[in-house]
>>> print(open('upload_28.txt').read())   # compact mmCIF, N, CA and C atoms
# COMPACT_ATOMS: atom_id res chain seq x y z
N MET A 1 -25.83 78.72 -22.16
CA MET A 1 -24.55 79.13 -21.61
C MET A 1 -24.31 80.61 -21.87
N SER A 2 -24.68 81.06 -23.07
CA SER A 2 -24.48 82.47 -23.40
C SER A 2 -25.34 83.37 -22.53
N GLY A 3 -26.57 82.93 -22.19
CA GLY A 3 -27.42 83.71 -21.31
C GLY A 3 -26.83 83.84 -19.91
N LEU A 4 -26.24 82.77 -19.42
CA LEU A 4 -25.62 82.79 -18.10
C LEU A 4 -24.42 83.74 -18.09
N ILE A 5 -23.60 83.66 -19.11
CA ILE A 5 -22.44 84.55 -19.21
C ILE A 5 -22.91 86.00 -19.34
N SER A 6 -23.96 86.23 -20.12
CA SER A 6 -24.51 87.58 -20.27
C SER A 6 -24.97 88.13 -18.93
N SER A 7 -25.63 87.30 -18.13
CA SER A 7 -26.12 87.77 -16.84
C SER A 7 -24.97 88.15 -15.92
N LEU A 8 -23.88 87.40 -15.98
CA LEU A 8 -22.71 87.74 -15.15
C LEU A 8 -22.11 89.07 -15.58
N PHE A 9 -21.97 89.26 -16.89
CA PHE A 9 -21.42 90.52 -17.38
C PHE A 9 -22.36 91.69 -17.08
N PHE A 10 -23.66 91.46 -17.17
CA PHE A 10 -24.60 92.53 -16.86
C PHE A 10 -24.52 92.91 -15.38
N SER A 11 -24.40 91.93 -14.50
CA SER A 11 -24.25 92.21 -13.08
C SER A 11 -22.99 93.02 -12.82
N PHE A 12 -21.90 92.61 -13.44
CA PHE A 12 -20.64 93.35 -13.31
C PHE A 12 -20.82 94.77 -13.81
N TYR A 13 -21.46 94.91 -14.97
CA TYR A 13 -21.65 96.22 -15.61
C TYR A 13 -22.50 97.12 -14.72
N ALA A 14 -23.54 96.58 -14.10
CA ALA A 14 -24.42 97.38 -13.24
C ALA A 14 -23.70 97.81 -11.97
N LEU A 15 -23.06 96.86 -11.30
CA LEU A 15 -22.43 97.18 -10.01
C LEU A 15 -21.19 98.06 -10.18
N TYR A 16 -20.34 97.74 -11.14
CA TYR A 16 -19.18 98.59 -11.35
C TYR A 16 -19.56 99.87 -12.09
N GLY A 17 -20.69 99.84 -12.78
CA GLY A 17 -21.20 101.06 -13.41
C GLY A 17 -21.53 102.09 -12.35
N GLU A 18 -22.11 101.66 -11.25
CA GLU A 18 -22.42 102.59 -10.16
C GLU A 18 -21.14 103.23 -9.64
N LYS A 19 -20.12 102.42 -9.51
CA LYS A 19 -18.84 102.95 -9.05
C LYS A 19 -18.27 103.95 -10.06
N GLY A 20 -18.38 103.61 -11.34
CA GLY A 20 -17.88 104.51 -12.38
C GLY A 20 -18.68 105.80 -12.48
N LEU A 21 -19.98 105.73 -12.15
CA LEU A 21 -20.83 106.91 -12.22
C LEU A 21 -20.46 107.96 -11.18
N LYS A 22 -19.71 107.55 -10.17
CA LYS A 22 -19.27 108.52 -9.17
C LYS A 22 -18.23 109.46 -9.76
N LYS A 23 -17.63 109.06 -10.88
CA LYS A 23 -16.60 109.88 -11.51
C LYS A 23 -16.99 110.35 -12.91
N TYR A 24 -17.74 109.53 -13.66
CA TYR A 24 -18.03 109.82 -15.05
C TYR A 24 -19.53 109.99 -15.31
N ASP A 25 -19.85 110.66 -16.39
CA ASP A 25 -21.21 110.80 -16.87
C ASP A 25 -21.70 109.44 -17.41
N PRO A 26 -23.01 109.16 -17.31
CA PRO A 26 -23.52 107.87 -17.80
C PRO A 26 -23.18 107.59 -19.26
N TRP A 27 -23.23 108.60 -20.11
CA TRP A 27 -22.97 108.37 -21.54
C TRP A 27 -21.51 108.04 -21.79
N THR A 28 -20.61 108.55 -20.94
CA THR A 28 -19.19 108.19 -21.04
C THR A 28 -19.00 106.72 -20.69
N LEU A 29 -19.66 106.27 -19.63
CA LEU A 29 -19.56 104.86 -19.25
C LEU A 29 -20.12 103.95 -20.33
N ILE A 30 -21.22 104.37 -20.95
CA ILE A 30 -21.79 103.56 -22.02
C ILE A 30 -20.82 103.46 -23.19
N LEU A 31 -20.17 104.57 -23.51
CA LEU A 31 -19.18 104.56 -24.58
C LEU A 31 -18.06 103.57 -24.25
N TYR A 32 -17.55 103.62 -23.03
CA TYR A 32 -16.48 102.69 -22.63
C TYR A 32 -16.98 101.24 -22.63
N GLY A 33 -18.12 101.02 -22.01
CA GLY A 33 -18.64 99.65 -21.91
C GLY A 33 -18.94 99.05 -23.26
N PHE A 34 -19.67 99.77 -24.09
CA PHE A 34 -19.99 99.24 -25.42
C PHE A 34 -18.76 99.17 -26.30
N GLY A 35 -17.83 100.11 -26.11
CA GLY A 35 -16.59 100.08 -26.90
C GLY A 35 -15.76 98.83 -26.60
N PHE A 36 -15.56 98.56 -25.32
CA PHE A 36 -14.81 97.35 -24.94
C PHE A 36 -15.56 96.09 -25.35
N GLY A 37 -16.88 96.12 -25.20
CA GLY A 37 -17.69 94.97 -25.63
C GLY A 37 -17.57 94.71 -27.12
N ALA A 38 -17.56 95.79 -27.90
CA ALA A 38 -17.44 95.66 -29.35
C ALA A 38 -16.08 95.08 -29.73
N VAL A 39 -15.02 95.57 -29.10
CA VAL A 39 -13.68 95.04 -29.39
C VAL A 39 -13.61 93.56 -29.04
N PHE A 40 -14.15 93.18 -27.89
CA PHE A 40 -14.16 91.77 -27.49
C PHE A 40 -14.93 90.93 -28.50
N TYR A 41 -16.09 91.44 -28.92
CA TYR A 41 -16.92 90.70 -29.88
C TYR A 41 -16.23 90.60 -31.23
N TRP A 42 -15.48 91.65 -31.60
CA TRP A 42 -14.75 91.62 -32.88
C TRP A 42 -13.69 90.52 -32.90
N LEU A 43 -13.23 90.13 -31.73
CA LEU A 43 -12.29 89.01 -31.67
C LEU A 43 -12.97 87.69 -32.04
N LEU A 44 -14.27 87.62 -31.77
CA LEU A 44 -15.04 86.41 -32.09
C LEU A 44 -15.57 86.43 -33.52
N ILE A 45 -16.10 87.57 -33.92
CA ILE A 45 -16.66 87.71 -35.27
C ILE A 45 -16.14 88.99 -35.88
N SER A 46 -15.44 88.87 -36.98
CA SER A 46 -14.86 90.02 -37.65
C SER A 46 -15.95 90.97 -38.16
N PRO A 47 -15.75 92.29 -37.97
CA PRO A 47 -16.72 93.23 -38.50
C PRO A 47 -16.82 93.14 -40.03
N MET A 48 -15.75 92.77 -40.67
CA MET A 48 -15.76 92.64 -42.13
C MET A 48 -16.70 91.51 -42.56
N ARG A 49 -16.77 90.49 -41.75
CA ARG A 49 -17.69 89.39 -42.05
C ARG A 49 -19.14 89.87 -42.02
N VAL A 50 -19.46 90.74 -41.08
CA VAL A 50 -20.81 91.29 -40.98
C VAL A 50 -21.07 92.23 -42.15
N ILE A 51 -20.11 93.11 -42.43
CA ILE A 51 -20.27 94.08 -43.53
C ILE A 51 -20.42 93.35 -44.86
N ALA A 52 -19.64 92.29 -45.05
CA ALA A 52 -19.69 91.54 -46.31
C ALA A 52 -20.82 90.51 -46.33
N GLY A 53 -21.67 90.53 -45.31
CA GLY A 53 -22.74 89.54 -45.20
C GLY A 53 -23.83 89.66 -46.24
N GLY A 54 -23.84 90.74 -47.01
CA GLY A 54 -24.84 90.89 -48.05
C GLY A 54 -26.23 91.22 -47.54
N TYR A 55 -26.30 91.92 -46.40
CA TYR A 55 -27.59 92.29 -45.84
C TYR A 55 -28.22 93.42 -46.65
N SER A 56 -29.53 93.39 -46.75
CA SER A 56 -30.24 94.43 -47.48
C SER A 56 -30.30 95.71 -46.64
N LEU A 57 -30.67 96.81 -47.26
CA LEU A 57 -30.81 98.08 -46.56
C LEU A 57 -31.85 97.96 -45.44
N LYS A 58 -32.90 97.23 -45.70
CA LYS A 58 -33.95 97.03 -44.70
C LYS A 58 -33.37 96.36 -43.43
N ILE A 59 -32.51 95.40 -43.61
CA ILE A 59 -31.89 94.70 -42.47
C ILE A 59 -30.94 95.65 -41.74
N TRP A 60 -30.17 96.48 -42.47
CA TRP A 60 -29.27 97.43 -41.84
C TRP A 60 -30.05 98.47 -41.03
N VAL A 61 -31.20 98.88 -41.53
CA VAL A 61 -32.05 99.81 -40.78
C VAL A 61 -32.55 99.11 -39.51
N ALA A 62 -32.91 97.84 -39.61
CA ALA A 62 -33.33 97.08 -38.43
C ALA A 62 -32.19 96.98 -37.41
N PHE A 63 -30.97 96.73 -37.89
CA PHE A 63 -29.80 96.69 -37.00
C PHE A 63 -29.66 98.02 -36.27
N LEU A 64 -29.75 99.11 -37.01
CA LEU A 64 -29.60 100.44 -36.44
C LEU A 64 -30.71 100.72 -35.43
N TYR A 65 -31.93 100.35 -35.77
CA TYR A 65 -33.08 100.54 -34.88
C TYR A 65 -32.86 99.80 -33.56
N ILE A 66 -32.44 98.55 -33.66
CA ILE A 66 -32.19 97.74 -32.45
C ILE A 66 -31.05 98.34 -31.63
N ALA A 67 -29.99 98.77 -32.31
CA ALA A 67 -28.84 99.35 -31.60
C ALA A 67 -29.24 100.60 -30.82
N ILE A 68 -30.09 101.42 -31.41
CA ILE A 68 -30.46 102.68 -30.76
C ILE A 68 -31.59 102.48 -29.74
N PHE A 69 -32.70 101.89 -30.19
CA PHE A 69 -33.90 101.85 -29.35
C PHE A 69 -33.96 100.66 -28.39
N SER A 70 -33.21 99.61 -28.65
CA SER A 70 -33.24 98.46 -27.76
C SER A 70 -31.97 98.32 -26.93
N THR A 71 -30.98 99.14 -27.23
CA THR A 71 -29.71 99.02 -26.52
C THR A 71 -29.26 100.36 -25.95
N LEU A 72 -28.94 101.30 -26.81
CA LEU A 72 -28.34 102.56 -26.38
C LEU A 72 -29.26 103.36 -25.46
N ILE A 73 -30.49 103.60 -25.87
CA ILE A 73 -31.42 104.40 -25.05
C ILE A 73 -31.76 103.69 -23.74
N PRO A 74 -32.13 102.38 -23.76
CA PRO A 74 -32.42 101.75 -22.46
C PRO A 74 -31.24 101.73 -21.50
N PHE A 75 -30.03 101.44 -21.98
CA PHE A 75 -28.88 101.45 -21.09
C PHE A 75 -28.58 102.86 -20.60
N GLY A 76 -28.75 103.85 -21.47
CA GLY A 76 -28.55 105.24 -21.05
C GLY A 76 -29.51 105.63 -19.95
N LEU A 77 -30.78 105.29 -20.11
CA LEU A 77 -31.77 105.61 -19.08
C LEU A 77 -31.53 104.81 -17.81
N TYR A 78 -31.08 103.56 -17.96
CA TYR A 78 -30.76 102.73 -16.80
C TYR A 78 -29.65 103.39 -15.99
N PHE A 79 -28.59 103.84 -16.67
CA PHE A 79 -27.49 104.49 -15.96
C PHE A 79 -27.91 105.84 -15.38
N LYS A 80 -28.79 106.55 -16.06
CA LYS A 80 -29.31 107.79 -15.50
C LYS A 80 -30.07 107.48 -14.20
N GLY A 81 -30.77 106.36 -14.17
CA GLY A 81 -31.46 105.94 -12.95
C GLY A 81 -30.50 105.56 -11.85
N ILE A 82 -29.44 104.85 -12.21
CA ILE A 82 -28.44 104.44 -11.21
C ILE A 82 -27.74 105.65 -10.62
N GLU A 83 -27.69 106.75 -11.37
CA GLU A 83 -27.12 107.97 -10.82
C GLU A 83 -27.90 108.44 -9.59
N ARG A 84 -29.19 108.20 -9.59
CA ARG A 84 -30.08 108.74 -8.57
C ARG A 84 -30.46 107.73 -7.47
N VAL A 85 -30.40 106.46 -7.79
CA VAL A 85 -30.67 105.41 -6.79
C VAL A 85 -29.53 104.40 -6.87
N ARG A 86 -29.43 103.56 -5.91
CA ARG A 86 -28.37 102.56 -5.87
C ARG A 86 -28.57 101.51 -6.97
N ALA A 87 -27.50 100.89 -7.42
CA ALA A 87 -27.55 99.89 -8.49
C ALA A 87 -28.40 98.69 -8.10
N THR A 88 -28.36 98.31 -6.84
CA THR A 88 -29.14 97.16 -6.40
C THR A 88 -30.63 97.44 -6.56
N ARG A 89 -31.07 98.63 -6.17
CA ARG A 89 -32.49 99.00 -6.32
C ARG A 89 -32.87 99.09 -7.80
N ALA A 90 -32.01 99.70 -8.58
CA ALA A 90 -32.31 99.85 -10.01
C ALA A 90 -32.38 98.49 -10.70
N SER A 91 -31.50 97.57 -10.34
CA SER A 91 -31.49 96.25 -10.96
C SER A 91 -32.75 95.47 -10.63
N ILE A 92 -33.16 95.54 -9.38
CA ILE A 92 -34.38 94.82 -8.99
C ILE A 92 -35.61 95.45 -9.65
N THR A 93 -35.64 96.78 -9.68
CA THR A 93 -36.77 97.46 -10.31
C THR A 93 -36.81 97.17 -11.81
N ALA A 94 -35.66 96.97 -12.43
CA ALA A 94 -35.60 96.65 -13.86
C ALA A 94 -36.22 95.30 -14.18
N THR A 95 -36.40 94.46 -13.17
CA THR A 95 -37.05 93.16 -13.42
C THR A 95 -38.53 93.34 -13.74
N TRP A 96 -39.04 94.55 -13.64
CA TRP A 96 -40.41 94.88 -14.01
C TRP A 96 -40.61 94.71 -15.52
N GLU A 97 -39.54 94.84 -16.29
CA GLU A 97 -39.63 94.78 -17.76
C GLU A 97 -40.27 93.49 -18.28
N PRO A 98 -39.85 92.29 -17.82
CA PRO A 98 -40.50 91.08 -18.33
C PRO A 98 -41.96 90.96 -17.93
N VAL A 99 -42.31 91.53 -16.77
CA VAL A 99 -43.71 91.51 -16.34
C VAL A 99 -44.55 92.33 -17.32
N VAL A 100 -44.06 93.52 -17.65
CA VAL A 100 -44.77 94.38 -18.61
C VAL A 100 -44.83 93.69 -19.97
N ALA A 101 -43.75 93.06 -20.38
CA ALA A 101 -43.75 92.35 -21.67
C ALA A 101 -44.77 91.22 -21.68
N GLY A 102 -44.85 90.47 -20.58
CA GLY A 102 -45.82 89.38 -20.49
C GLY A 102 -47.25 89.88 -20.52
N LEU A 103 -47.51 90.96 -19.79
CA LEU A 103 -48.86 91.53 -19.79
C LEU A 103 -49.23 92.09 -21.16
N THR A 104 -48.27 92.73 -21.80
CA THR A 104 -48.51 93.25 -23.15
C THR A 104 -48.81 92.12 -24.12
N ALA A 105 -48.03 91.04 -24.04
CA ALA A 105 -48.26 89.88 -24.90
C ALA A 105 -49.64 89.29 -24.65
N TYR A 106 -50.06 89.27 -23.39
CA TYR A 106 -51.37 88.72 -23.04
C TYR A 106 -52.49 89.59 -23.61
N PHE A 107 -52.44 90.89 -23.35
CA PHE A 107 -53.54 91.77 -23.74
C PHE A 107 -53.51 92.17 -25.22
N VAL A 108 -52.33 92.36 -25.78
CA VAL A 108 -52.25 92.83 -27.17
C VAL A 108 -52.18 91.68 -28.17
N LEU A 109 -51.40 90.67 -27.84
CA LEU A 109 -51.17 89.58 -28.80
C LEU A 109 -52.00 88.34 -28.52
N GLY A 110 -52.71 88.33 -27.40
CA GLY A 110 -53.54 87.18 -27.08
C GLY A 110 -52.77 85.96 -26.61
N GLU A 111 -51.55 86.17 -26.11
CA GLU A 111 -50.74 85.07 -25.60
C GLU A 111 -51.38 84.50 -24.33
N VAL A 112 -51.10 83.26 -24.04
CA VAL A 112 -51.62 82.60 -22.84
C VAL A 112 -50.52 82.56 -21.79
N LEU A 113 -50.85 82.98 -20.57
CA LEU A 113 -49.89 82.92 -19.47
C LEU A 113 -50.24 81.73 -18.59
N SER A 114 -49.22 80.94 -18.26
CA SER A 114 -49.44 79.80 -17.37
C SER A 114 -49.57 80.31 -15.94
N PRO A 115 -50.18 79.51 -15.07
CA PRO A 115 -50.30 79.93 -13.67
C PRO A 115 -48.95 80.23 -13.02
N LEU A 116 -47.92 79.48 -13.38
CA LEU A 116 -46.60 79.72 -12.82
C LEU A 116 -46.06 81.08 -13.27
N GLN A 117 -46.32 81.47 -14.52
CA GLN A 117 -45.89 82.77 -15.01
C GLN A 117 -46.61 83.89 -14.26
N VAL A 118 -47.90 83.70 -13.99
CA VAL A 118 -48.66 84.71 -13.25
C VAL A 118 -48.12 84.84 -11.83
N VAL A 119 -47.85 83.71 -11.18
CA VAL A 119 -47.28 83.73 -9.83
C VAL A 119 -45.91 84.43 -9.85
N GLY A 120 -45.10 84.13 -10.85
CA GLY A 120 -43.79 84.78 -10.98
C GLY A 120 -43.93 86.28 -11.15
N GLY A 121 -44.89 86.71 -11.96
CA GLY A 121 -45.13 88.13 -12.16
C GLY A 121 -45.53 88.82 -10.86
N PHE A 122 -46.43 88.17 -10.09
CA PHE A 122 -46.82 88.74 -8.80
C PHE A 122 -45.63 88.77 -7.83
N GLY A 123 -44.76 87.77 -7.91
CA GLY A 123 -43.56 87.76 -7.07
C GLY A 123 -42.64 88.93 -7.39
N VAL A 124 -42.46 89.20 -8.67
CA VAL A 124 -41.62 90.33 -9.08
C VAL A 124 -42.25 91.64 -8.60
N ILE A 125 -43.55 91.78 -8.80
CA ILE A 125 -44.23 93.01 -8.36
C ILE A 125 -44.11 93.18 -6.85
N ALA A 126 -44.29 92.10 -6.10
CA ALA A 126 -44.17 92.17 -4.64
C ALA A 126 -42.76 92.59 -4.22
N ALA A 127 -41.75 92.02 -4.88
CA ALA A 127 -40.37 92.37 -4.55
C ALA A 127 -40.09 93.85 -4.82
N ILE A 128 -40.61 94.34 -5.92
CA ILE A 128 -40.39 95.75 -6.26
C ILE A 128 -41.09 96.66 -5.25
N VAL A 129 -42.32 96.32 -4.88
CA VAL A 129 -43.07 97.13 -3.90
C VAL A 129 -42.34 97.11 -2.55
N LEU A 130 -41.91 95.94 -2.10
CA LEU A 130 -41.18 95.85 -0.83
C LEU A 130 -39.88 96.64 -0.89
N LEU A 131 -39.19 96.57 -2.00
CA LEU A 131 -37.94 97.29 -2.17
C LEU A 131 -38.17 98.80 -2.07
N GLN A 132 -39.22 99.29 -2.69
CA GLN A 132 -39.49 100.72 -2.67
C GLN A 132 -39.93 101.19 -1.29
N MET A 133 -40.56 100.31 -0.54
CA MET A 133 -41.03 100.67 0.81
C MET A 133 -39.90 100.61 1.84
N ALA A 134 -38.90 99.79 1.58
CA ALA A 134 -37.81 99.60 2.54
C ALA A 134 -36.95 100.85 2.64
N LYS A 135 -36.55 101.16 3.83
CA LYS A 135 -35.63 102.28 4.06
C LYS A 135 -34.21 101.77 3.87
N GLU A 136 -33.40 102.60 3.23
CA GLU A 136 -31.99 102.21 3.07
C GLU A 136 -31.26 102.43 4.37
N LYS A 137 -30.39 101.50 4.69
CA LYS A 137 -29.53 101.68 5.85
C LYS A 137 -28.51 102.75 5.47
N ALA A 138 -27.77 103.21 6.44
CA ALA A 138 -26.77 104.23 6.15
C ALA A 138 -25.87 103.73 5.04
N SER A 139 -26.07 104.28 3.88
CA SER A 139 -25.31 103.82 2.72
C SER A 139 -24.58 104.98 2.09
N PRO A 140 -23.59 104.69 1.29
CA PRO A 140 -22.87 105.75 0.62
C PRO A 140 -23.81 106.56 -0.27
N CYS A 141 -23.38 107.73 -0.61
CA CYS A 141 -24.15 108.61 -1.48
C CYS A 141 -24.38 107.94 -2.84
N THR A 142 -25.43 108.39 -3.52
CA THR A 142 -25.63 107.95 -4.89
C THR A 142 -24.55 108.58 -5.76
N PRO A 143 -24.28 108.02 -6.95
CA PRO A 143 -23.22 108.56 -7.79
C PRO A 143 -23.38 110.05 -8.12
N ILE A 144 -24.60 110.50 -8.37
CA ILE A 144 -24.78 111.90 -8.73
C ILE A 144 -24.47 112.81 -7.54
N GLU A 145 -24.79 112.35 -6.32
CA GLU A 145 -24.47 113.14 -5.12
C GLU A 145 -22.95 113.19 -4.94
N THR A 146 -22.27 112.11 -5.22
CA THR A 146 -20.82 112.07 -5.09
C THR A 146 -20.16 113.03 -6.07
N ARG A 147 -20.62 113.03 -7.32
CA ARG A 147 -20.03 113.93 -8.32
C ARG A 147 -20.30 115.39 -7.97
N ARG A 148 -21.45 115.69 -7.38
CA ARG A 148 -21.77 117.08 -7.00
C ARG A 148 -20.88 117.57 -5.88
N GLU A 149 -20.45 116.65 -5.00
CA GLU A 149 -19.61 117.03 -3.86
C GLU A 149 -18.20 117.40 -4.31
N GLU A 150 -17.77 116.84 -5.43
CA GLU A 150 -16.37 117.06 -5.87
C GLU A 150 -16.16 118.40 -6.46
>>> encode(input="upload_28.txt", output="structure tokens")
Amino acid sequence: MSGLISSLFFSFYALYGEKGLKKYDPWTLILYGFGFGAVFYWLLISPMRVIAGGYSLKIWVAFLYIAIFSTLIPFGLYFKGIERVRATRASITATWEPVVAGLTAYFVLGEVLSPLQVVGGFGVIAAIVLLQMAKEKASPCTPIETRREE
């Protein structure tokens, strides 16, 4: 259930993020999005509960590492991409990530991929290739073009 809700919020964040990028810098949107997300999450789990959790320094460093390298930088780069291409194209192209993860797991970790996973990977690759080859119909400017016009 949490994964489904996350996907809905991510879709909202991507599509309305494009709209917000027409007015704001990507890092400003990330500050707003993560700020509101943090406040909402604090309603569910108190920050004091986390601070008082008795985590070691090693765990706090891991938290910080994940916050920066698995969250802040990828979302920042994603929004920088949405500035230059439409959110729909960026979202579909971002589906390349699990394909790369699966291939890395196969070649580096020796994981086994089922035939269905391989077919799914080829489907994602085909969709991305078709998307990049397709011409956009007359569509509104990208967010960065809109901000430059103002």
>>> residues_around(input="upload_28.txt", residues="Trp27 (chain A)", least_positions_apart="4", cutoff="8 Å", atoms="all atoms listed in the file", output="ChimeraX atom specification")
/A:31-33,75-76,79-80
>>> atom_distance(input="upload_28.txt", atom1="CA of Ala87 (chain A)", atom2="CA of Ala14 (chain A)")
6.2 Å
>>> atom_distance(input="upload_28.txt", atom1="CA of Thr71 (chain A)", atom2="CA of Ala101 (chain A)")
16.3 Å
>>> residues_around(input="upload_28.txt", residues="region 123-132 of chain A", least_positions_apart="4", cutoff="6 Å", atoms="only N, CA and C atoms", output="list of chain:residue names")
A:Ile92, A:Thr93, A:Val118, A:Val119
>>> select_by_dssp(input="upload_28.txt", residues="region 20-144 of chain A", states="alpha helix (DSSP H)", output="ChimeraX atom specification")
/A:20-21,26-44,47-51,57-67,73-84,87-93,96-109,115-133,143-144
>>> atom_distance(input="upload_28.txt", atom1="CA of Leu72 (chain A)", atom2="CA of Leu29 (chain A)")
11.5 Å
>>> closest_residue(input="upload_28.txt", among="A:Leu109, A:Gly37, A:Leu44, A:Ser56", to="Ser6 (chain A)", atoms="only C-alpha atoms")
A:Gly37
>>> closest_residue(input="upload_28.txt", among="A:Gly3, A:Ile68, A:Gly54, A:Gly120", to="Thr95 (chain A)", atoms="only C-alpha atoms")
A:Gly120
>>> decode(input="upload_28.txt", residues="region 63-70 of chain A", atoms="all heavy atoms", output="PDB file, in the first residue's frame")
ATOM      1  N   PHE A  63      22.529   7.353   7.368  1.00  0.00           N
ATOM      2  CA  PHE A  63      21.339   8.173   7.119  1.00  0.00           C
ATOM      3  C   PHE A  63      21.702   9.374   6.252  1.00  0.00           C
ATOM      4  O   PHE A  63      21.008   9.697   5.286  1.00  0.00           O
ATOM      5  CB  PHE A  63      20.726   8.691   8.431  1.00  0.00           C
ATOM      6  CG  PHE A  63      19.997   7.669   9.257  1.00  0.00           C
ATOM      7  CD1 PHE A  63      19.746   7.924  10.593  1.00  0.00           C
ATOM      8  CD2 PHE A  63      19.544   6.480   8.727  1.00  0.00           C
ATOM      9  CE1 PHE A  63      19.068   7.007  11.382  1.00  0.00           C
ATOM     10  CE2 PHE A  63      18.862   5.551   9.500  1.00  0.00           C
ATOM     11  CZ  PHE A  63      18.629   5.827  10.828  1.00  0.00           C
ATOM     12  N   LEU A  64      22.775  10.047   6.615  1.00  0.00           N
ATOM     13  CA  LEU A  64      23.211  11.236   5.886  1.00  0.00           C
ATOM     14  C   LEU A  64      23.604  10.876   4.453  1.00  0.00           C
ATOM     15  O   LEU A  64      23.246  11.575   3.502  1.00  0.00           O
ATOM     16  CB  LEU A  64      24.380  11.899   6.615  1.00  0.00           C
ATOM     17  CG  LEU A  64      24.856  13.222   6.064  1.00  0.00           C
ATOM     18  CD1 LEU A  64      23.738  14.259   6.121  1.00  0.00           C
ATOM     19  CD2 LEU A  64      26.062  13.719   6.846  1.00  0.00           C
ATOM     20  N   TYR A  65      24.320   9.776   4.297  1.00  0.00           N
ATOM     21  CA  TYR A  65      24.734   9.312   2.975  1.00  0.00           C
ATOM     22  C   TYR A  65      23.516   9.045   2.091  1.00  0.00           C
ATOM     23  O   TYR A  65      23.450   9.486   0.936  1.00  0.00           O
ATOM     24  CB  TYR A  65      25.579   8.039   3.112  1.00  0.00           C
ATOM     25  CG  TYR A  65      26.012   7.454   1.789  1.00  0.00           C
ATOM     26  CD1 TYR A  65      27.154   7.919   1.153  1.00  0.00           C
ATOM     27  CD2 TYR A  65      25.266   6.460   1.164  1.00  0.00           C
ATOM     28  CE1 TYR A  65      27.548   7.400  -0.079  1.00  0.00           C
ATOM     29  CE2 TYR A  65      25.640   5.939  -0.057  1.00  0.00           C
ATOM     30  CZ  TYR A  65      26.790   6.409  -0.672  1.00  0.00           C
ATOM     31  OH  TYR A  65      27.158   5.900  -1.880  1.00  0.00           O
ATOM     32  N   ILE A  66      22.536   8.345   2.637  1.00  0.00           N
ATOM     33  CA  ILE A  66      21.315   8.040   1.874  1.00  0.00           C
ATOM     34  C   ILE A  66      20.557   9.321   1.544  1.00  0.00           C
ATOM     35  O   ILE A  66      20.069   9.490   0.419  1.00  0.00           O
ATOM     36  CB  ILE A  66      20.424   7.054   2.653  1.00  0.00           C
ATOM     37  CG1 ILE A  66      21.097   5.678   2.688  1.00  0.00           C
ATOM     38  CG2 ILE A  66      19.031   6.968   2.039  1.00  0.00           C
ATOM     39  CD1 ILE A  66      20.460   4.697   3.635  1.00  0.00           C
ATOM     40  N   ALA A  67      20.469  10.233   2.501  1.00  0.00           N
ATOM     41  CA  ALA A  67      19.750  11.489   2.264  1.00  0.00           C
ATOM     42  C   ALA A  67      20.384  12.294   1.134  1.00  0.00           C
ATOM     43  O   ALA A  67      19.679  12.845   0.285  1.00  0.00           O
ATOM     44  CB  ALA A  67      19.719  12.319   3.547  1.00  0.00           C
ATOM     45  N   ILE A  68      21.707  12.309   1.084  1.00  0.00           N
ATOM     46  CA  ILE A  68      22.388  13.117   0.075  1.00  0.00           C
ATOM     47  C   ILE A  68      22.496  12.384  -1.258  1.00  0.00           C
ATOM     48  O   ILE A  68      22.080  12.890  -2.299  1.00  0.00           O
ATOM     49  CB  ILE A  68      23.784  13.545   0.568  1.00  0.00           C
ATOM     50  CG1 ILE A  68      23.633  14.510   1.749  1.00  0.00           C
ATOM     51  CG2 ILE A  68      24.588  14.190  -0.558  1.00  0.00           C
ATOM     52  CD1 ILE A  68      24.924  14.828   2.467  1.00  0.00           C
ATOM     53  N   PHE A  69      23.066  11.173  -1.237  1.00  0.00           N
ATOM     54  CA  PHE A  69      23.398  10.494  -2.489  1.00  0.00           C
ATOM     55  C   PHE A  69      22.258   9.665  -3.083  1.00  0.00           C
ATOM     56  O   PHE A  69      22.303   9.332  -4.267  1.00  0.00           O
ATOM     57  CB  PHE A  69      24.639   9.617  -2.299  1.00  0.00           C
ATOM     58  CG  PHE A  69      25.879  10.427  -2.047  1.00  0.00           C
ATOM     59  CD1 PHE A  69      26.384  10.558  -0.769  1.00  0.00           C
ATOM     60  CD2 PHE A  69      26.517  11.086  -3.089  1.00  0.00           C
ATOM     61  CE1 PHE A  69      27.523  11.308  -0.531  1.00  0.00           C
ATOM     62  CE2 PHE A  69      27.650  11.839  -2.865  1.00  0.00           C
ATOM     63  CZ  PHE A  69      28.154  11.957  -1.576  1.00  0.00           C
ATOM     64  N   SER A  70      21.270   9.306  -2.291  1.00  0.00           N
ATOM     65  CA  SER A  70      20.162   8.513  -2.821  1.00  0.00           C
ATOM     66  C   SER A  70      18.876   9.312  -2.943  1.00  0.00           C
ATOM     67  O   SER A  70      17.894   8.817  -3.487  1.00  0.00           O
ATOM     68  CB  SER A  70      19.903   7.300  -1.929  1.00  0.00           C
ATOM     69  OG  SER A  70      21.019   6.464  -1.934  1.00  0.00           O
TER      70      SER A  70
END
